[in-house]
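Written below as structure tokens is the structure these notes are about.
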Amino acid sequence: MIIVIIPAFNEGKRVGDVVQSSLAHCDRVIVVDDGSTDDTAAVARRAGAEVISHSQNLGAGAATMTGIEAARRMRASVAVTIDADGQHSAEEIPLFLAPIKEGRADIVFANRFSRKNVIPLIRRLYNAVGNLITFLVSGLWVNDSQCGFKAFGPIALQDLDIRMSGFEFCTEIVREARQHRWRIIEVPTKVVYSEYTLAKGQSFANGVKTALKILLRSFLR
Amino acid sequence: MPLTPYQIVVPIVCIILIVYAWNLALRKKKTILETLFWTMFWGLIAVIAFWPHVASYLSVLTGIADQENAASVTFIGILFFMVFYLIMRLEELEQRHAKLVREVALQRNDHHENNSSH
């Protein structure tokens with residue numbers, strides 16, 4: 001069974017479209033409503049997703065782990081995570097599933113930088129810093145470590161344990177991949193940055209906070 | 001060279017902590033990079049305890065030349081450790097909180113699924 005996990009926080013405007021376009025490529029869609037104060041849960045449910053609601057906002061990492069745990073309980077064999085703001089194209093889900101189905105990968109990362117995408121300079125900078133920090137704490141270089149679009153094969157789905165609640169979880173997943181020696185494949189993907197997605201994205205202050213948390217937590221584990 | 005109890009106890013504690021760090025690394029709970037960092041850190045403490053004159057090289061580097069300075073730095077170090085310990089505890093509590101909210105959400109979902117299937 002293939003399950004798409006969509007962690008969402010106040011994404012009522014976009015999550016419906018993401019659910020509908022994802023449903024064409026999987027068996028079930030789980031939306032983890034991370035304590036939203038808008039109609040995210042209702043919109044997602046109407047679009048055909050199963051909604052799991054956090055009573056409080058915990059962060060993208062915690063929401064993703066809730067989705068992973070739900071997928072395990074539903075006996076999923078493959079899980080795909082995708083952002084709720086519509087910046088990724090669900091039409092590309094089959095590209096992520098192919099290496100897993102062919103037995104070539106345990107985890108598939110997106111790579112927004114190996115295709116001609118219009119990515120703002122500040123975003124490129126954030127990602128470069130994110131990649132560097134990720135490499136320092138994990139010892140593994142991933143070209144687009146901070147992207148939320150990923151696919152987990154049966155082994156990765158079983159073993160994954162995300163402890164970081166916020167955006168640091170992307171780095172933690174790379175670290176898990178290294179520690180568990182999962183086979184990794186990176187897939188070029190397209191990304192669409194709109195005013196909406198840019199406004200929802202991380203600020204500079206958040207980026208610094210995330211970087212510090214990653215460095216701190218890497219010594220706590 | 002007569003050894004003081006300090007010169008015996010501190011290196012033993014450091015060796016135990018280094019073995020513990022490598023044990024975590026072997027159980028894949030720490031990366032090799034972090035383990036090397038802690039090995040160097042505790043190794044340096046052990047070396048300074050065993051050969052105190054090594055600290056004189058450090059005094060050139062850090063400017064800690066007299067005992068008063070050394071005492072201040074030691075207390076700052078203790079405070080640093082306490083803050084570090086508090087952050088660790090906060091992290092642990094945050095993780096427990098996340099697990100609790102997750103479990104409630106998943107159980108509520110299971111309950112909802114069971115009700116809709118009946």
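In the structure tokens, chains take letters A, B, ... by order of appearance, with residues numbered from 1 within each chain and ligands from 1 in the order shown.
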Hey, list the chain B side of the contact with chain A: 7 Å cut-off, only C-alpha atoms, answer as a ChimeraX atom specification.
-> /B:28-31,34,88,95,98,101-102,105-106,109
Restricting the output to C-alpha atoms, write the selected residues as a PDB file, in the first residue's frame.
```pdb
ATOM      1  CA  LYS B  28      24.294   3.851  15.824  1.00  0.00           C
ATOM      2  CA  LYS B  29      23.014   6.405  18.325  1.00  0.00           C
ATOM      3  CA  LYS B  30      25.890   8.800  17.609  1.00  0.00           C
ATOM      4  CA  THR B  31      27.777   9.549  14.425  1.00  0.00           C
ATOM      5  CA  GLU B  34      30.418  13.392  17.146  1.00  0.00           C
ATOM      6  CA  MET B  88      18.815  18.568  27.530  1.00  0.00           C
ATOM      7  CA  GLN B  95       9.907  15.075  22.827  1.00  0.00           C
ATOM      8  CA  ALA B  98       5.191  15.572  21.056  1.00  0.00           C
ATOM      9  CA  VAL B 101       0.024  14.742  21.382  1.00  0.00           C
ATOM     10  CA  ARG B 102       0.812  12.220  18.590  1.00  0.00           C
ATOM     11  CA  ALA B 105      -4.202  12.166  17.689  1.00  0.00           C
ATOM     12  CA  LEU B 106      -3.615   8.606  16.443  1.00  0.00           C
ATOM     13  CA  ASN B 109      -8.176   8.624  14.470  1.00  0.00           C
TER      14      ASN B 109
END
```
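All residues in stretch 42-179 of chain A with a DSSP state of strand (DSSP E or B), computed from the backbone, read A:Glu50, A:Val51, A:Ile52, A:Ser53, A:His54, A:Val78, A:Ala79, A:Val80, A:Thr81, A:His88, A:Ile107, A:Val108, A:Phe109, A:Ala110, A:Asn111, A:Lys150, A:Ala151, A:Phe152.
A straight-line distance of 5.3 Å separates atom CA of B:Gln7 from atom CA of B:Ala49.
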Could you name the residues that touch A:Ala41 at 10 Å or less, counting only C-alpha atoms, but leaving out those on the same chain fewer than 2 positions away, as a PyMOL selection string?
-> chain A and resi 8-12+15-16+31-39+43-47+49-53
Given the selection you just returned, output its residues as a file containing N, CA and C atoms, formatted as a compact mmCIF listing (two decimals), in the first residue's frame.
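Final file, again_27.txt:
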```txt
# COMPACT_ATOMS: atom_id res chain seq x y z
N ALA A 8 0.36 19.53 7.54
CA ALA A 8 -0.24 20.82 7.17
C ALA A 8 -0.53 21.68 8.39
N PHE A 9 -0.18 22.94 8.27
CA PHE A 9 -0.51 23.91 9.33
C PHE A 9 -1.08 25.16 8.66
N ASN A 10 -2.35 25.41 8.90
CA ASN A 10 -3.06 26.55 8.30
C ASN A 10 -2.87 26.61 6.79
N GLU A 11 -3.19 25.49 6.12
CA GLU A 11 -3.05 25.40 4.67
C GLU A 11 -4.40 25.17 4.00
N GLY A 12 -5.46 25.69 4.62
CA GLY A 12 -6.80 25.50 4.09
C GLY A 12 -6.95 25.92 2.63
N VAL A 15 -4.39 22.95 0.61
CA VAL A 15 -4.26 21.52 0.87
C VAL A 15 -5.24 20.67 0.04
N GLY A 16 -6.41 21.21 -0.26
CA GLY A 16 -7.41 20.46 -1.03
C GLY A 16 -6.88 20.02 -2.38
N VAL A 31 -3.55 13.48 5.82
CA VAL A 31 -3.16 14.87 6.13
C VAL A 31 -3.01 14.97 7.65
N VAL A 32 -1.85 15.38 8.09
CA VAL A 32 -1.66 15.60 9.52
C VAL A 32 -1.86 17.08 9.79
N ASP A 33 -3.02 17.38 10.35
CA ASP A 33 -3.35 18.77 10.66
C ASP A 33 -2.65 19.14 11.97
N ASP A 34 -1.63 19.99 11.84
CA ASP A 34 -0.76 20.26 12.99
C ASP A 34 -1.27 21.44 13.83
N GLY A 35 -2.46 21.26 14.37
CA GLY A 35 -3.03 22.30 15.24
C GLY A 35 -3.44 23.55 14.50
N SER A 36 -3.94 23.38 13.28
CA SER A 36 -4.34 24.55 12.47
C SER A 36 -5.50 25.30 13.11
N THR A 37 -5.54 26.60 12.87
CA THR A 37 -6.67 27.39 13.37
C THR A 37 -7.63 27.75 12.23
N ASP A 38 -7.31 27.29 11.02
CA ASP A 38 -8.24 27.55 9.90
C ASP A 38 -8.98 26.24 9.56
N ASP A 39 -9.51 26.15 8.34
CA ASP A 39 -10.32 24.99 7.97
C ASP A 39 -9.51 23.91 7.25
N VAL A 43 -11.22 20.96 4.85
CA VAL A 43 -10.92 21.00 3.40
C VAL A 43 -10.27 19.68 2.98
N ALA A 44 -9.30 19.22 3.76
CA ALA A 44 -8.58 17.99 3.42
C ALA A 44 -9.53 16.79 3.42
N ARG A 45 -10.41 16.76 4.40
CA ARG A 45 -11.36 15.64 4.50
C ARG A 45 -12.30 15.65 3.29
N ARG A 46 -12.77 16.83 2.93
CA ARG A 46 -13.67 16.95 1.77
C ARG A 46 -12.97 16.51 0.49
N ALA A 47 -11.66 16.75 0.43
CA ALA A 47 -10.90 16.40 -0.80
C ALA A 47 -10.60 14.91 -0.87
N ALA A 49 -8.98 13.03 1.89
CA ALA A 49 -7.88 12.57 2.75
C ALA A 49 -8.39 12.07 4.08
N GLU A 50 -7.59 11.24 4.72
CA GLU A 50 -7.85 10.89 6.11
C GLU A 50 -7.09 11.91 6.94
N VAL A 51 -7.75 12.50 7.89
CA VAL A 51 -7.12 13.59 8.64
C VAL A 51 -6.82 13.16 10.06
N ILE A 52 -5.59 13.39 10.46
CA ILE A 52 -5.18 13.15 11.85
C ILE A 52 -4.84 14.53 12.42
N SER A 53 -5.50 14.89 13.50
CA SER A 53 -5.33 16.25 14.00
C SER A 53 -4.54 16.31 15.31
```
Excluding A:Val108 and residues on its chain fewer than 6 positions from it, collect all residues at most 7 Å away from it, counting only C-alpha atoms, and give them as number ranges by chain.
-> A: 96, 150-152, 184-187
Save out the residues we just selected, N, CA and C atoms, as a PDB file, in the first residue's frame.
```pdb
ATOM      1  N   PHE A  96       9.260   9.151  -7.813  1.00  0.00           N
ATOM      2  CA  PHE A  96       9.819   8.814  -6.502  1.00  0.00           C
ATOM      3  C   PHE A  96       9.584   7.339  -6.169  1.00  0.00           C
ATOM      4  N   LYS A 150       9.712  13.580  -0.292  1.00  0.00           N
ATOM      5  CA  LYS A 150      10.570  12.397  -0.124  1.00  0.00           C
ATOM      6  C   LYS A 150       9.713  11.139  -0.232  1.00  0.00           C
ATOM      7  N   ALA A 151      10.379  10.028  -0.507  1.00  0.00           N
ATOM      8  CA  ALA A 151       9.670   8.746  -0.471  1.00  0.00           C
ATOM      9  C   ALA A 151      10.464   7.763   0.371  1.00  0.00           C
ATOM     10  N   PHE A 152       9.745   6.997   1.173  1.00  0.00           N
ATOM     11  CA  PHE A 152      10.381   6.030   2.070  1.00  0.00           C
ATOM     12  C   PHE A 152       9.944   4.621   1.678  1.00  0.00           C
ATOM     13  N   ILE A 184      20.243   5.489  -1.114  1.00  0.00           N
ATOM     14  CA  ILE A 184      19.644   6.801  -1.411  1.00  0.00           C
ATOM     15  C   ILE A 184      19.656   7.076  -2.912  1.00  0.00           C
ATOM     16  N   ILE A 185      18.566   7.633  -3.371  1.00  0.00           N
ATOM     17  CA  ILE A 185      18.530   8.126  -4.764  1.00  0.00           C
ATOM     18  C   ILE A 185      17.915   9.527  -4.735  1.00  0.00           C
ATOM     19  N   GLU A 186      18.470  10.411  -5.546  1.00  0.00           N
ATOM     20  CA  GLU A 186      17.921  11.769  -5.648  1.00  0.00           C
ATOM     21  C   GLU A 186      17.231  11.930  -7.004  1.00  0.00           C
ATOM     22  N   VAL A 187      16.054  12.478  -6.969  1.00  0.00           N
ATOM     23  CA  VAL A 187      15.256  12.635  -8.185  1.00  0.00           C
ATOM     24  C   VAL A 187      15.074  14.127  -8.489  1.00  0.00           C
TER      25      VAL A 187
END
```
Helix (DSSP H, G or I) per DSSP on the backbone: members of chain A, as a PDB file with C-alpha atoms, in the first residue's frame:
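Final output, saved to part-v2.pdb:
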```pdb
ATOM      1  CA  VAL A  15      -4.261  21.519   0.866  1.00  0.00           C
ATOM      2  CA  GLY A  16      -7.411  20.459  -1.025  1.00  0.00           C
ATOM      3  CA  ASP A  17      -5.703  20.635  -4.430  1.00  0.00           C
ATOM      4  CA  VAL A  18      -2.621  18.805  -3.133  1.00  0.00           C
ATOM      5  CA  VAL A  19      -4.798  16.002  -1.717  1.00  0.00           C
ATOM      6  CA  GLN A  20      -6.757  15.614  -4.933  1.00  0.00           C
ATOM      7  CA  SER A  21      -3.709  15.540  -7.167  1.00  0.00           C
ATOM      8  CA  SER A  22      -1.955  13.080  -4.820  1.00  0.00           C
ATOM      9  CA  LEU A  23      -4.876  10.649  -4.693  1.00  0.00           C
ATOM     10  CA  THR A  40      -7.362  22.797   6.892  1.00  0.00           C
ATOM     11  CA  ALA A  41      -8.850  19.605   8.374  1.00  0.00           C
ATOM     12  CA  ALA A  42     -12.309  20.124   6.855  1.00  0.00           C
ATOM     13  CA  VAL A  43     -10.924  20.996   3.404  1.00  0.00           C
ATOM     14  CA  ALA A  44      -8.579  17.986   3.424  1.00  0.00           C
ATOM     15  CA  ARG A  45     -11.359  15.643   4.497  1.00  0.00           C
ATOM     16  CA  ARG A  46     -13.669  16.947   1.768  1.00  0.00           C
ATOM     17  CA  ALA A  47     -10.905  16.401  -0.795  1.00  0.00           C
ATOM     18  CA  ALA A  60       6.681  20.011  10.620  1.00  0.00           C
ATOM     19  CA  GLY A  61       8.938  17.272  11.993  1.00  0.00           C
ATOM     20  CA  ALA A  62       6.465  16.073  14.599  1.00  0.00           C
ATOM     21  CA  ALA A  63       3.610  16.182  12.070  1.00  0.00           C
ATOM     22  CA  THR A  64       5.630  14.141   9.578  1.00  0.00           C
ATOM     23  CA  MET A  65       6.438  11.537  12.243  1.00  0.00           C
ATOM     24  CA  THR A  66       2.745  11.293  13.135  1.00  0.00           C
ATOM     25  CA  GLY A  67       2.010  10.593   9.472  1.00  0.00           C
ATOM     26  CA  ILE A  68       4.768   7.967   9.352  1.00  0.00           C
ATOM     27  CA  GLU A  69       3.409   6.287  12.492  1.00  0.00           C
ATOM     28  CA  ALA A  70      -0.117   6.290  11.028  1.00  0.00           C
ATOM     29  CA  ALA A  71       1.203   4.791   7.783  1.00  0.00           C
ATOM     30  CA  ARG A  72       2.892   2.000   9.757  1.00  0.00           C
ATOM     31  CA  ARG A  73      -0.363   1.246  11.571  1.00  0.00           C
ATOM     32  CA  ALA A  90       2.094  15.469  -7.095  1.00  0.00           C
ATOM     33  CA  GLU A  91       2.343  14.326 -10.736  1.00  0.00           C
ATOM     34  CA  GLU A  92       5.974  13.512  -9.942  1.00  0.00           C
ATOM     35  CA  ILE A  93       5.117  10.988  -7.224  1.00  0.00           C
ATOM     36  CA  PRO A  94       5.614   8.040  -9.666  1.00  0.00           C
ATOM     37  CA  LEU A  95       9.208   9.234 -10.236  1.00  0.00           C
ATOM     38  CA  PHE A  96       9.819   8.814  -6.502  1.00  0.00           C
ATOM     39  CA  LEU A  97       8.131   5.430  -6.358  1.00  0.00           C
ATOM     40  CA  ALA A  98      10.037   3.910  -9.295  1.00  0.00           C
ATOM     41  CA  PRO A  99      13.458   3.453  -7.583  1.00  0.00           C
ATOM     42  CA  ILE A 100      11.744   1.892  -4.549  1.00  0.00           C
ATOM     43  CA  LYS A 101       9.607  -0.467  -6.620  1.00  0.00           C
ATOM     44  CA  LEU A 121      18.493  33.534  -4.401  1.00  0.00           C
ATOM     45  CA  ILE A 122      17.707  33.668  -0.688  1.00  0.00           C
ATOM     46  CA  ARG A 123      16.169  30.197  -0.904  1.00  0.00           C
ATOM     47  CA  ARG A 124      19.260  28.880  -2.675  1.00  0.00           C
ATOM     48  CA  LEU A 125      21.366  30.373   0.101  1.00  0.00           C
ATOM     49  CA  TYR A 126      19.216  28.800   2.850  1.00  0.00           C
ATOM     50  CA  ASN A 127      19.483  25.448   1.151  1.00  0.00           C
ATOM     51  CA  ALA A 128      23.246  25.719   0.706  1.00  0.00           C
ATOM     52  CA  VAL A 129      23.673  26.483   4.422  1.00  0.00           C
ATOM     53  CA  GLY A 130      21.203  23.699   5.284  1.00  0.00           C
ATOM     54  CA  ASN A 131      23.127  21.222   3.123  1.00  0.00           C
ATOM     55  CA  LEU A 132      26.416  22.221   4.720  1.00  0.00           C
ATOM     56  CA  ILE A 133      25.129  21.865   8.285  1.00  0.00           C
ATOM     57  CA  THR A 134      23.479  18.582   7.377  1.00  0.00           C
ATOM     58  CA  PHE A 135      26.780  17.308   5.992  1.00  0.00           C
ATOM     59  CA  LEU A 136      28.643  18.406   9.130  1.00  0.00           C
ATOM     60  CA  VAL A 137      26.299  16.573  11.490  1.00  0.00           C
ATOM     61  CA  SER A 138      25.565  13.521   9.348  1.00  0.00           C
ATOM     62  CA  PRO A 154       9.658  -0.494   3.439  1.00  0.00           C
ATOM     63  CA  ILE A 155      12.963  -0.534   5.355  1.00  0.00           C
ATOM     64  CA  ALA A 156      13.157   3.229   5.844  1.00  0.00           C
ATOM     65  CA  LEU A 157       9.478   3.419   6.738  1.00  0.00           C
ATOM     66  CA  GLN A 158       9.977   0.802   9.425  1.00  0.00           C
ATOM     67  CA  ASP A 159      13.169   2.231  10.927  1.00  0.00           C
ATOM     68  CA  PHE A 169      13.749  17.054  10.866  1.00  0.00           C
ATOM     69  CA  CYS A 170      15.006  17.222   7.260  1.00  0.00           C
ATOM     70  CA  THR A 171      18.561  17.084   8.557  1.00  0.00           C
ATOM     71  CA  GLU A 172      17.612  14.333  10.981  1.00  0.00           C
ATOM     72  CA  ILE A 173      16.271  12.198   8.128  1.00  0.00           C
ATOM     73  CA  VAL A 174      19.613  12.469   6.301  1.00  0.00           C
ATOM     74  CA  ARG A 175      21.322  11.490   9.522  1.00  0.00           C
ATOM     75  CA  GLU A 176      19.012   8.497   9.907  1.00  0.00           C
ATOM     76  CA  ALA A 177      19.738   7.515   6.308  1.00  0.00           C
ATOM     77  CA  ARG A 178      23.439   7.550   7.053  1.00  0.00           C
ATOM     78  CA  GLN A 179      23.149   5.675  10.340  1.00  0.00           C
ATOM     79  CA  HIS A 180      20.884   2.971   8.947  1.00  0.00           C
ATOM     80  CA  GLU A 195       4.026  34.711  -3.247  1.00  0.00           C
ATOM     81  CA  TYR A 196       1.995  32.363  -1.066  1.00  0.00           C
ATOM     82  CA  THR A 197       4.727  29.721  -0.654  1.00  0.00           C
ATOM     83  CA  LEU A 198       7.406  32.357  -0.109  1.00  0.00           C
ATOM     84  CA  ALA A 199       5.315  34.030   2.583  1.00  0.00           C
ATOM     85  CA  LYS A 200       4.799  30.661   4.284  1.00  0.00           C
ATOM     86  CA  PHE A 204      16.135  34.369   8.199  1.00  0.00           C
ATOM     87  CA  ALA A 205      15.617  34.320  11.988  1.00  0.00           C
ATOM     88  CA  ASN A 206      13.893  30.934  11.739  1.00  0.00           C
ATOM     89  CA  GLY A 207      16.734  29.638   9.587  1.00  0.00           C
ATOM     90  CA  VAL A 208      19.321  30.655  12.184  1.00  0.00           C
ATOM     91  CA  LYS A 209      17.194  29.124  14.957  1.00  0.00           C
ATOM     92  CA  THR A 210      16.869  25.893  12.985  1.00  0.00           C
ATOM     93  CA  ALA A 211      20.625  25.766  12.331  1.00  0.00           C
ATOM     94  CA  LEU A 212      21.385  26.235  16.034  1.00  0.00           C
ATOM     95  CA  LYS A 213      18.869  23.571  17.007  1.00  0.00           C
ATOM     96  CA  ILE A 214      20.425  21.110  14.582  1.00  0.00           C
ATOM     97  CA  LEU A 215      23.906  21.719  15.959  1.00  0.00           C
ATOM     98  CA  LEU A 216      22.729  21.535  19.565  1.00  0.00           C
ATOM     99  CA  ARG A 217      20.624  18.439  19.128  1.00  0.00           C
ATOM    100  CA  SER A 218      23.303  16.624  17.215  1.00  0.00           C
ATOM    101  CA  PHE A 219      25.278  16.587  20.461  1.00  0.00           C
ATOM    102  CA  LEU A 220      22.303  15.579  22.593  1.00  0.00           C
TER     103      LEU A 220
END
```
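Minimum atom-to-atom distance to A:His88, evaluated using only C-alpha atoms, belongs to A:Val191 out of A:Cys26, A:Val191, A:Ile107, A:Met1.
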